[in-house]
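Visitor: I am sharing target_9.pdb, which consists of PDB, C-alpha atoms, pLDDT in the B column:
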```pdb
ATOM      1  CA  MET I   1     191.272 144.592 365.293  1.00 47.00           C
ATOM      2  CA  SER I   2     189.508 141.271 364.753  1.00 53.00           C
ATOM      3  CA  ASP I   3     187.458 140.458 361.657  1.00 50.00           C
ATOM      4  CA  HIS I   4     185.080 137.506 361.935  1.00 61.00           C
ATOM      5  CA  ASN I   5     183.034 138.217 358.824  1.00 80.00           C
ATOM      6  CA  LEU I   6     185.645 137.953 356.079  1.00 85.00           C
ATOM      7  CA  LEU I   7     184.678 136.090 352.922  1.00 88.00           C
ATOM      8  CA  PRO I   8     187.526 133.824 351.712  1.00 88.00           C
ATOM      9  CA  VAL I   9     187.539 133.999 347.911  1.00 89.00           C
ATOM     10  CA  PHE I  10     189.846 133.441 344.952  1.00 90.00           C
ATOM     11  CA  LEU I  11     189.382 136.325 342.502  1.00 91.00           C
ATOM     12  CA  ARG I  12     189.813 136.291 338.742  1.00 94.00           C
ATOM     13  CA  LEU I  13     191.730 139.433 337.792  1.00 96.00           C
ATOM     14  CA  GLU I  14     192.497 138.812 334.118  1.00 96.00           C
ATOM     15  CA  GLU I  15     192.292 142.120 332.260  1.00 92.00           C
ATOM     16  CA  ARG I  16     190.886 143.917 335.296  1.00 97.00           C
ATOM     17  CA  ARG I  17     192.423 147.297 336.050  1.00 98.00           C
ATOM     18  CA  CYS I  18     194.360 147.345 339.309  1.00 98.00           C
ATOM     19  CA  LEU I  19     196.231 150.303 340.769  1.00 98.00           C
ATOM     20  CA  VAL I  20     199.328 150.221 342.970  1.00 98.00           C
ATOM     21  CA  VAL I  21     200.230 153.414 344.805  1.00 98.00           C
ATOM     22  CA  GLY I  22     203.931 153.253 345.571  1.00 97.00           C
ATOM     23  CA  ALA I  23     206.817 151.655 343.722  1.00 97.00           C
ATOM     24  CA  GLY I  24     209.254 150.386 346.325  1.00 96.00           C
ATOM     25  CA  THR I  25     210.104 146.893 347.515  1.00 94.00           C
ATOM     26  CA  VAL I  26     206.736 146.278 349.215  1.00 93.00           C
ATOM     27  CA  ALA I  27     204.832 147.521 346.177  1.00 96.00           C
ATOM     28  CA  LEU I  28     206.916 145.300 343.902  1.00 96.00           C
ATOM     29  CA  ASP I  29     205.842 142.210 345.856  1.00 94.00           C
ATOM     30  CA  LYS I  30     202.181 143.095 345.267  1.00 96.00           C
ATOM     31  CA  ILE I  31     202.846 143.934 341.622  1.00 97.00           C
ATOM     32  CA  ARG I  32     204.259 140.448 341.123  1.00 96.00           C
ATOM     33  CA  SER I  33     201.131 138.927 342.664  1.00 93.00           C
ATOM     34  CA  LEU I  34     198.881 140.993 340.388  1.00 97.00           C
ATOM     35  CA  ARG I  35     200.936 140.107 337.326  1.00 96.00           C
ATOM     36  CA  GLY I  36     200.628 136.421 338.192  1.00 92.00           C
ATOM     37  CA  ALA I  37     196.847 136.858 338.193  1.00 93.00           C
ATOM     38  CA  GLY I  38     196.852 138.572 334.795  1.00 96.00           C
ATOM     39  CA  ALA I  39     195.723 142.004 335.996  1.00 97.00           C
ATOM     40  CA  LYS I  40     196.195 145.210 334.012  1.00 98.00           C
ATOM     41  CA  ILE I  41     198.447 147.203 336.335  1.00 98.00           C
ATOM     42  CA  ALA I  42     198.976 150.921 336.755  1.00 98.00           C
ATOM     43  CA  VAL I  43     201.508 152.283 339.246  1.00 98.00           C
ATOM     44  CA  VAL I  44     201.477 155.801 340.658  1.00 98.00           C
ATOM     45  CA  ALA I  45     204.626 157.004 342.417  1.00 98.00           C
ATOM     46  CA  PRO I  46     207.028 159.954 342.090  1.00 97.00           C
ATOM     47  CA  GLN I  47     209.928 157.481 342.121  1.00 96.00           C
ATOM     48  CA  ALA I  48     210.247 153.777 341.390  1.00 97.00           C
ATOM     49  CA  ASN I  49     212.811 151.094 342.054  1.00 96.00           C
ATOM     50  CA  ALA I  50     214.757 149.622 339.166  1.00 97.00           C
ATOM     51  CA  GLU I  51     212.519 146.578 338.705  1.00 97.00           C
ATOM     52  CA  VAL I  52     209.328 148.655 338.483  1.00 97.00           C
ATOM     53  CA  GLN I  53     211.033 150.933 335.957  1.00 98.00           C
ATOM     54  CA  ARG I  54     212.057 147.892 333.905  1.00 97.00           C
ATOM     55  CA  LEU I  55     208.514 146.511 333.950  1.00 98.00           C
ATOM     56  CA  ALA I  56     207.201 149.878 332.802  1.00 98.00           C
ATOM     57  CA  GLN I  57     209.727 150.025 329.977  1.00 97.00           C
ATOM     58  CA  THR I  58     208.702 146.571 328.755  1.00 97.00           C
ATOM     59  CA  GLY I  59     205.002 147.463 328.856  1.00 97.00           C
ATOM     60  CA  ALA I  60     204.176 145.051 331.680  1.00 97.00           C
ATOM     61  CA  LEU I  61     202.599 147.956 333.579  1.00 98.00           C
ATOM     62  CA  ASN I  62     201.934 151.677 333.269  1.00 98.00           C
ATOM     63  CA  TRP I  63     203.928 153.903 335.616  1.00 98.00           C
ATOM     64  CA  HIS I  64     202.664 157.423 336.296  1.00 98.00           C
ATOM     65  CA  GLU I  65     205.659 159.303 337.666  1.00 97.00           C
ATOM     66  CA  ARG I  66     203.872 161.557 340.155  1.00 97.00           C
ATOM     67  CA  SER I  67     201.932 161.583 343.416  1.00 97.00           C
ATOM     68  CA  PHE I  68     198.563 159.874 343.820  1.00 97.00           C
ATOM     69  CA  GLU I  69     195.422 161.748 342.786  1.00 97.00           C
ATOM     70  CA  ALA I  70     191.793 160.754 343.306  1.00 97.00           C
ATOM     71  CA  ARG I  71     191.244 160.520 339.544  1.00 97.00           C
ATOM     72  CA  ASP I  72     193.697 157.614 339.457  1.00 98.00           C
ATOM     73  CA  LEU I  73     190.858 155.481 340.850  1.00 98.00           C
ATOM     74  CA  ASP I  74     188.612 156.073 337.841  1.00 97.00           C
ATOM     75  CA  GLY I  75     187.679 152.718 336.329  1.00 96.00           C
ATOM     76  CA  VAL I  76     189.836 150.768 338.804  1.00 97.00           C
ATOM     77  CA  PHE I  77     188.662 147.437 340.243  1.00 97.00           C
ATOM     78  CA  MET I  78     191.220 147.191 343.047  1.00 98.00           C
ATOM     79  CA  VAL I  79     193.879 149.433 344.583  1.00 98.00           C
ATOM     80  CA  ILE I  80     196.870 148.649 346.757  1.00 98.00           C
ATOM     81  CA  ALA I  81     198.382 151.425 348.849  1.00 98.00           C
ATOM     82  CA  ALA I  82     202.009 150.460 349.350  1.00 97.00           C
ATOM     83  CA  THR I  83     203.841 153.679 350.186  1.00 96.00           C
ATOM     84  CA  ASN I  84     205.958 154.303 353.290  1.00 92.00           C
ATOM     85  CA  ASP I  85     203.682 157.196 354.255  1.00 94.00           C
ATOM     86  CA  SER I  86     200.703 156.123 356.396  1.00 93.00           C
ATOM     87  CA  ALA I  87     198.876 159.380 355.671  1.00 95.00           C
ATOM     88  CA  VAL I  88     199.042 158.720 351.928  1.00 95.00           C
ATOM     89  CA  ASN I  89     197.888 155.133 352.393  1.00 96.00           C
ATOM     90  CA  HIS I  90     194.956 156.287 354.515  1.00 96.00           C
ATOM     91  CA  SER I  91     194.015 158.884 351.916  1.00 97.00           C
ATOM     92  CA  VAL I  92     194.027 156.231 349.197  1.00 98.00           C
ATOM     93  CA  TYR I  93     191.791 154.011 351.320  1.00 98.00           C
ATOM     94  CA  GLU I  94     189.286 156.776 352.091  1.00 97.00           C
ATOM     95  CA  LYS I  95     189.026 157.845 348.463  1.00 98.00           C
ATOM     96  CA  ALA I  96     188.691 154.237 347.330  1.00 98.00           C
ATOM     97  CA  ARG I  97     185.867 153.620 349.807  1.00 97.00           C
ATOM     98  CA  ARG I  98     183.933 156.571 348.438  1.00 96.00           C
ATOM     99  CA  ARG I  99     184.159 155.058 344.964  1.00 96.00           C
ATOM    100  CA  ASN I 100     183.451 151.449 346.029  1.00 96.00           C
ATOM    101  CA  VAL I 101     186.926 150.378 344.922  1.00 97.00           C
ATOM    102  CA  LEU I 102     188.444 147.512 346.896  1.00 97.00           C
ATOM    103  CA  CYS I 103     191.548 148.687 348.767  1.00 97.00           C
ATOM    104  CA  ASN I 104     194.424 147.090 350.626  1.00 96.00           C
ATOM    105  CA  ALA I 105     196.846 149.291 352.548  1.00 96.00           C
ATOM    106  CA  VAL I 106     199.880 147.101 353.127  1.00 92.00           C
ATOM    107  CA  ASP I 107     200.533 146.273 356.807  1.00 88.00           C
ATOM    108  CA  ASP I 108     197.679 148.567 357.868  1.00 90.00           C
ATOM    109  CA  PRO I 109     194.619 146.376 358.713  1.00 89.00           C
ATOM    110  CA  PRO I 110     192.199 149.220 359.576  1.00 91.00           C
ATOM    111  CA  ASN I 111     192.667 150.568 356.043  1.00 94.00           C
ATOM    112  CA  CYS I 112     191.979 147.306 354.251  1.00 94.00           C
ATOM    113  CA  ASP I 113     188.924 145.862 352.559  1.00 95.00           C
ATOM    114  CA  PHE I 114     190.808 142.624 351.955  1.00 93.00           C
ATOM    115  CA  TYR I 115     194.069 140.951 352.910  1.00 92.00           C
ATOM    116  CA  PHE I 116     196.703 139.095 350.944  1.00 89.00           C
ATOM    117  CA  GLY I 117     197.081 135.577 352.302  1.00 87.00           C
ATOM    118  CA  SER I 118     200.202 133.478 352.521  1.00 89.00           C
ATOM    119  CA  VAL I 119     199.757 130.991 349.696  1.00 90.00           C
ATOM    120  CA  VAL I 120     201.028 127.500 348.959  1.00 92.00           C
ATOM    121  CA  THR I 121     200.722 126.721 345.249  1.00 90.00           C
ATOM    122  CA  ARG I 122     200.822 123.453 343.352  1.00 92.00           C
ATOM    123  CA  GLY I 123     199.543 124.177 339.853  1.00 90.00           C
ATOM    124  CA  ASP I 124     195.825 124.970 340.133  1.00 89.00           C
ATOM    125  CA  LEU I 125     195.825 123.947 343.780  1.00 90.00           C
ATOM    126  CA  GLN I 126     196.160 126.906 346.121  1.00 90.00           C
ATOM    127  CA  VAL I 127     196.062 126.866 349.909  1.00 92.00           C
ATOM    128  CA  ALA I 128     195.751 130.393 351.317  1.00 91.00           C
ATOM    129  CA  ILE I 129     196.193 131.380 354.955  1.00 93.00           C
ATOM    130  CA  SER I 130     195.072 134.662 356.499  1.00 89.00           C
ATOM    131  CA  THR I 131     195.125 136.059 360.024  1.00 88.00           C
ATOM    132  CA  ALA I 132     193.135 139.153 358.953  1.00 84.00           C
ATOM    133  CA  GLY I 133     196.307 141.175 359.303  1.00 83.00           C
ATOM    134  CA  GLU I 134     196.801 140.223 362.958  1.00 87.00           C
ATOM    135  CA  SER I 135     200.002 138.231 362.454  1.00 90.00           C
ATOM    136  CA  PRO I 136     201.469 137.904 358.954  1.00 87.00           C
ATOM    137  CA  ALA I 137     204.425 136.121 360.569  1.00 92.00           C
ATOM    138  CA  LEU I 138     202.129 133.337 361.809  1.00 95.00           C
ATOM    139  CA  ALA I 139     200.517 133.022 358.375  1.00 92.00           C
ATOM    140  CA  GLN I 140     203.982 132.724 356.820  1.00 93.00           C
ATOM    141  CA  ARG I 141     205.026 130.062 359.339  1.00 95.00           C
ATOM    142  CA  LEU I 142     201.906 128.014 358.639  1.00 95.00           C
ATOM    143  CA  ARG I 143     202.514 128.393 354.904  1.00 93.00           C
ATOM    144  CA  ARG I 144     206.028 126.956 355.297  1.00 95.00           C
ATOM    145  CA  GLU I 145     204.701 124.032 357.333  1.00 95.00           C
ATOM    146  CA  ILE I 146     201.958 123.218 354.818  1.00 94.00           C
ATOM    147  CA  ASP I 147     204.371 123.640 351.916  1.00 93.00           C
ATOM    148  CA  ALA I 148     206.722 121.092 353.470  1.00 94.00           C
ATOM    149  CA  GLN I 149     203.893 118.543 353.775  1.00 92.00           C
ATOM    150  CA  LEU I 150     202.300 118.784 350.328  1.00 90.00           C
ATOM    151  CA  PRO I 151     203.848 116.673 347.533  1.00 88.00           C
ATOM    152  CA  GLN I 152     205.501 118.666 344.768  1.00 89.00           C
ATOM    153  CA  ASP I 153     203.631 116.766 342.031  1.00 86.00           C
ATOM    154  CA  LEU I 154     200.157 117.763 343.224  1.00 87.00           C
ATOM    155  CA  GLY I 155     199.766 120.247 340.372  1.00 90.00           C
ATOM    156  CA  PRO I 156     199.762 117.700 337.528  1.00 89.00           C
ATOM    157  CA  TRP I 157     197.588 115.372 339.631  1.00 88.00           C
ATOM    158  CA  VAL I 158     194.964 118.088 340.144  1.00 90.00           C
ATOM    159  CA  ALA I 159     194.963 118.763 336.392  1.00 90.00           C
ATOM    160  CA  GLU I 160     194.376 115.054 335.661  1.00 88.00           C
ATOM    161  CA  LEU I 161     191.694 114.917 338.344  1.00 89.00           C
ATOM    162  CA  GLY I 162     189.967 117.904 336.743  1.00 91.00           C
ATOM    163  CA  ALA I 163     189.941 116.218 333.343  1.00 89.00           C
ATOM    164  CA  LEU I 164     188.531 113.039 334.870  1.00 87.00           C
ATOM    165  CA  ARG I 165     185.866 115.035 336.719  1.00 91.00           C
ATOM    166  CA  ARG I 166     184.696 116.543 333.442  1.00 92.00           C
ATOM    167  CA  GLU I 167     184.457 113.049 331.947  1.00 87.00           C
ATOM    168  CA  VAL I 168     182.329 111.895 334.864  1.00 88.00           C
ATOM    169  CA  ARG I 169     180.023 114.911 334.652  1.00 91.00           C
ATOM    170  CA  ALA I 170     179.521 114.288 330.942  1.00 88.00           C
ATOM    171  CA  ALA I 171     178.810 110.571 331.389  1.00 85.00           C
ATOM    172  CA  MET I 172     176.694 110.547 334.541  1.00 87.00           C
ATOM    173  CA  PRO I 173     173.653 112.590 335.580  1.00 89.00           C
ATOM    174  CA  ALA I 174     173.788 114.739 338.697  1.00 91.00           C
ATOM    175  CA  GLY I 175     172.948 112.868 341.851  1.00 91.00           C
ATOM    176  CA  ALA I 176     174.263 110.989 344.860  1.00 91.00           C
ATOM    177  CA  ALA I 177     176.061 108.319 342.777  1.00 88.00           C
ATOM    178  CA  ARG I 178     178.008 110.915 340.798  1.00 90.00           C
ATOM    179  CA  ASN I 179     178.918 112.906 343.894  1.00 91.00           C
ATOM    180  CA  LEU I 180     180.087 109.753 345.658  1.00 89.00           C
ATOM    181  CA  LEU I 181     182.281 108.809 342.692  1.00 87.00           C
ATOM    182  CA  LEU I 182     183.831 112.280 342.477  1.00 89.00           C
ATOM    183  CA  HIS I 183     184.717 112.199 346.167  1.00 90.00           C
ATOM    184  CA  GLU I 184     186.148 108.709 345.767  1.00 86.00           C
ATOM    185  CA  LEU I 185     188.325 109.832 342.858  1.00 85.00           C
ATOM    186  CA  ALA I 186     189.820 112.595 344.993  1.00 86.00           C
ATOM    187  CA  THR I 187     191.374 109.882 347.174  1.00 82.00           C
ATOM    188  CA  ARG I 188     192.879 107.926 344.272  1.00 69.00           C
ATOM    189  CA  GLN I 189     195.971 108.516 342.177  1.00 71.00           C
ATOM    190  CA  VAL I 190     195.040 109.569 338.624  1.00 65.00           C
ATOM    191  CA  CYS I 191     197.426 108.664 335.808  1.00 61.00           C
ATOM    192  CA  ASN I 192     197.520 108.404 332.028  1.00 61.00           C
ATOM    193  CA  SER I 193     197.886 104.621 332.023  1.00 61.00           C
ATOM    194  CA  ALA I 194     195.081 102.532 330.528  1.00 60.00           C
ATOM    195  CA  ASN I 195     195.255 100.514 333.739  1.00 63.00           C
ATOM    196  CA  CYS I 196     194.917 103.576 335.950  1.00 69.00           C
ATOM    197  CA  PRO I 197     192.698 102.496 338.900  1.00 67.00           C
ATOM    198  CA  ALA I 198     190.861 105.816 338.933  1.00 67.00           C
ATOM    199  CA  ARG I 199     190.078 105.643 335.220  1.00 68.00           C
ATOM    200  CA  GLU I 200     188.980 102.012 335.537  1.00 71.00           C
ATOM    201  CA  ARG I 201     186.623 103.080 338.326  1.00 70.00           C
ATOM    202  CA  VAL I 202     185.117 105.814 336.117  1.00 70.00           C
ATOM    203  CA  ALA I 203     184.720 103.361 333.221  1.00 69.00           C
ATOM    204  CA  ALA I 204     182.936 100.869 335.451  1.00 70.00           C
ATOM    205  CA  ALA I 205     180.618 103.525 336.855  1.00 68.00           C
ATOM    206  CA  SER I 206     179.827 104.854 333.376  1.00 67.00           C
ATOM    207  CA  GLU I 207     179.084 101.352 332.128  1.00 68.00           C
ATOM    208  CA  ALA I 208     176.778 100.703 335.061  1.00 65.00           C
ATOM    209  CA  GLU I 209     174.982 103.965 334.321  1.00 62.00           C
ATOM    210  CA  VAL I 210     174.418 102.914 330.705  1.00 58.00           C
ATOM    211  CA  GLN I 211     173.038  99.539 331.733  1.00 58.00           C
ATOM    212  CA  ALA I 212     170.765 100.956 334.429  1.00 56.00           C
TER     213      ALA I 212
END
```
Show me this structure written as structure tokens.
Guide:
Amino acid sequence: MSDHNLLPVFLRLEERRCLVVGAGTVALDKIRSLRGAGAKIAVVAPQANAEVQRLAQTGALNWHERSFEARDLDGVFMVIAATNDSAVNHSVYEKARRRNVLCNAVDDPPNCDFYFGSVVTRGDLQVAISTAGESPALAQRLRREIDAQLPQDLGPWVAELGALRREVRAAMPAGAARNLLLHELATRQVCNSANCPARERVAAASEAEVQA
């Protein structure tokens, strides 16, 4: 199966209701991803591994100790079918499609509306790789290669760059000059020093804007 019309996006899931069907090792990996995104998680499974049980006991998620039912999709934004039974996963997908609920059946591309990418993270910087389910192993290899090449301190740098971008947008009107400066800043090291070259460049551009 080859998908050429996928839309690469980064979704905000804070406080959105997400359902995970299954509570084994594979499901736990997806639960961790959803927790990192701030989702409100419900898990449906007759049995759960120790970590899922612990998370339920601490209130990090709601575990319904039974088999999946169609009503579990009521009010759900996204569902992940992560059982070891392909028939159950397919059933979850079909019922989710009828309700316009986004569904991912783990390691089952035909029963997926979206795919989890292999992600390299440095603070707010995320590089995600997807093969549309064709070869997760390749995506993981590329993630390792990219991870090895990206500096570990990119996270703080991106945060500083974001703050500087907001300063520029507040000081300069939209236009070619502002866009050129923002692209230039992305090639410079931003720091907190008063002599920071990037900050000196912003100050000079702002001053020129005032005098224009």
Visitor: Find, counting all atoms listed in the file, the residue in I:Leu19, I:Asn84, I:Asn100, I:Ala163 that gets nearest to Trp63 in chain I.
Guide: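 Checking each candidate against Trp63 in chain I, we get I:Leu19 as the closest.
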Visitor: Dump as a PyMOL selection string all residues having an atom at most 10 Å from (210.4, 148.4, 340.2), computed in the file's coordinates with all atoms listed in the file.
Guide: chain I and resi 22-29+31+43+47-56+63
Visitor: Between I:Asn104, I:Gln126, I:Ser91, I:Ser67, single out the one closest to Lys30 in chain I, counting only C-alpha atoms.
Guide: I:Asn104
Visitor: In Å, rounded to a single decimal, give me how far CA of Ala39 in chain I is from CA of Val158 in chain I.
Guide: 24.3 Å
Visitor: So how far away is CA of Asp124 in chain I from CA of Gly155 in chain I, in Å?
Guide: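 About the pair CA of Gly155 in chain I and CA of Asp124 in chain I: they are 6.2 Å apart.
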Visitor: Between I:Phe114, I:Arg143, I:Gly133, I:Gly36, which is the closest to Leu102 in chain I once you count all atoms listed in the file?
Guide: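 Of the candidates, the smallest distance to Leu102 in chain I is held by I:Phe114.
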Visitor: Pick out the closest residue to Arg35 in chain I from this set: I:Leu154, I:Ile80, I:Ala60, I:Leu11. Count all atoms listed in the file.
Guide: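 Smallest separation from Arg35 in chain I among the options: I:Ala60.
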Visitor: Between I:Leu13, I:Leu61, I:Val120, I:Ala159, which one has atoms that come closest to Gln140 in chain I, using all atoms listed in the file?
Guide: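 Comparing I:Leu13, I:Leu61, I:Val120, I:Ala159 against Gln140 in chain I, the winner is I:Val120.
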Visitor: Go ahead and compute the interatomic distance for CA of Ala70 in chain I and CA of Asp113 in chain I, in Å to one decimal.
Guide: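 For CA of Ala70 in chain I relative to CA of Asp113 in chain I, the distance reads 17.8 Å.
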Visitor: Out of I:Arg71, I:Lys40, I:Lys95, I:Arg122, which residue has the shortest atom-to-atom distance to Gln152 in chain I when counting all atoms listed in the file?
Guide: I:Arg122
Visitor: Could you give me, as a count of residues only, the residues that have an atom at most 10 Å away from the point (191.9, 144.1, 352.4) in the coordinates of the file, using all atoms listed in the file?
Guide: 23
Visitor: For the file shown, what are the residues hit by the PyMOL selection byres ((chain I and resi 14) around 7), laid out as a list in words?
Guide: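 What the PyMOL selection byres ((chain I and resi 14) around 7) grabs from the file is Arg12, Leu13, Glu15, Arg16, Ala37, Gly38 and Ala39 of chain I.
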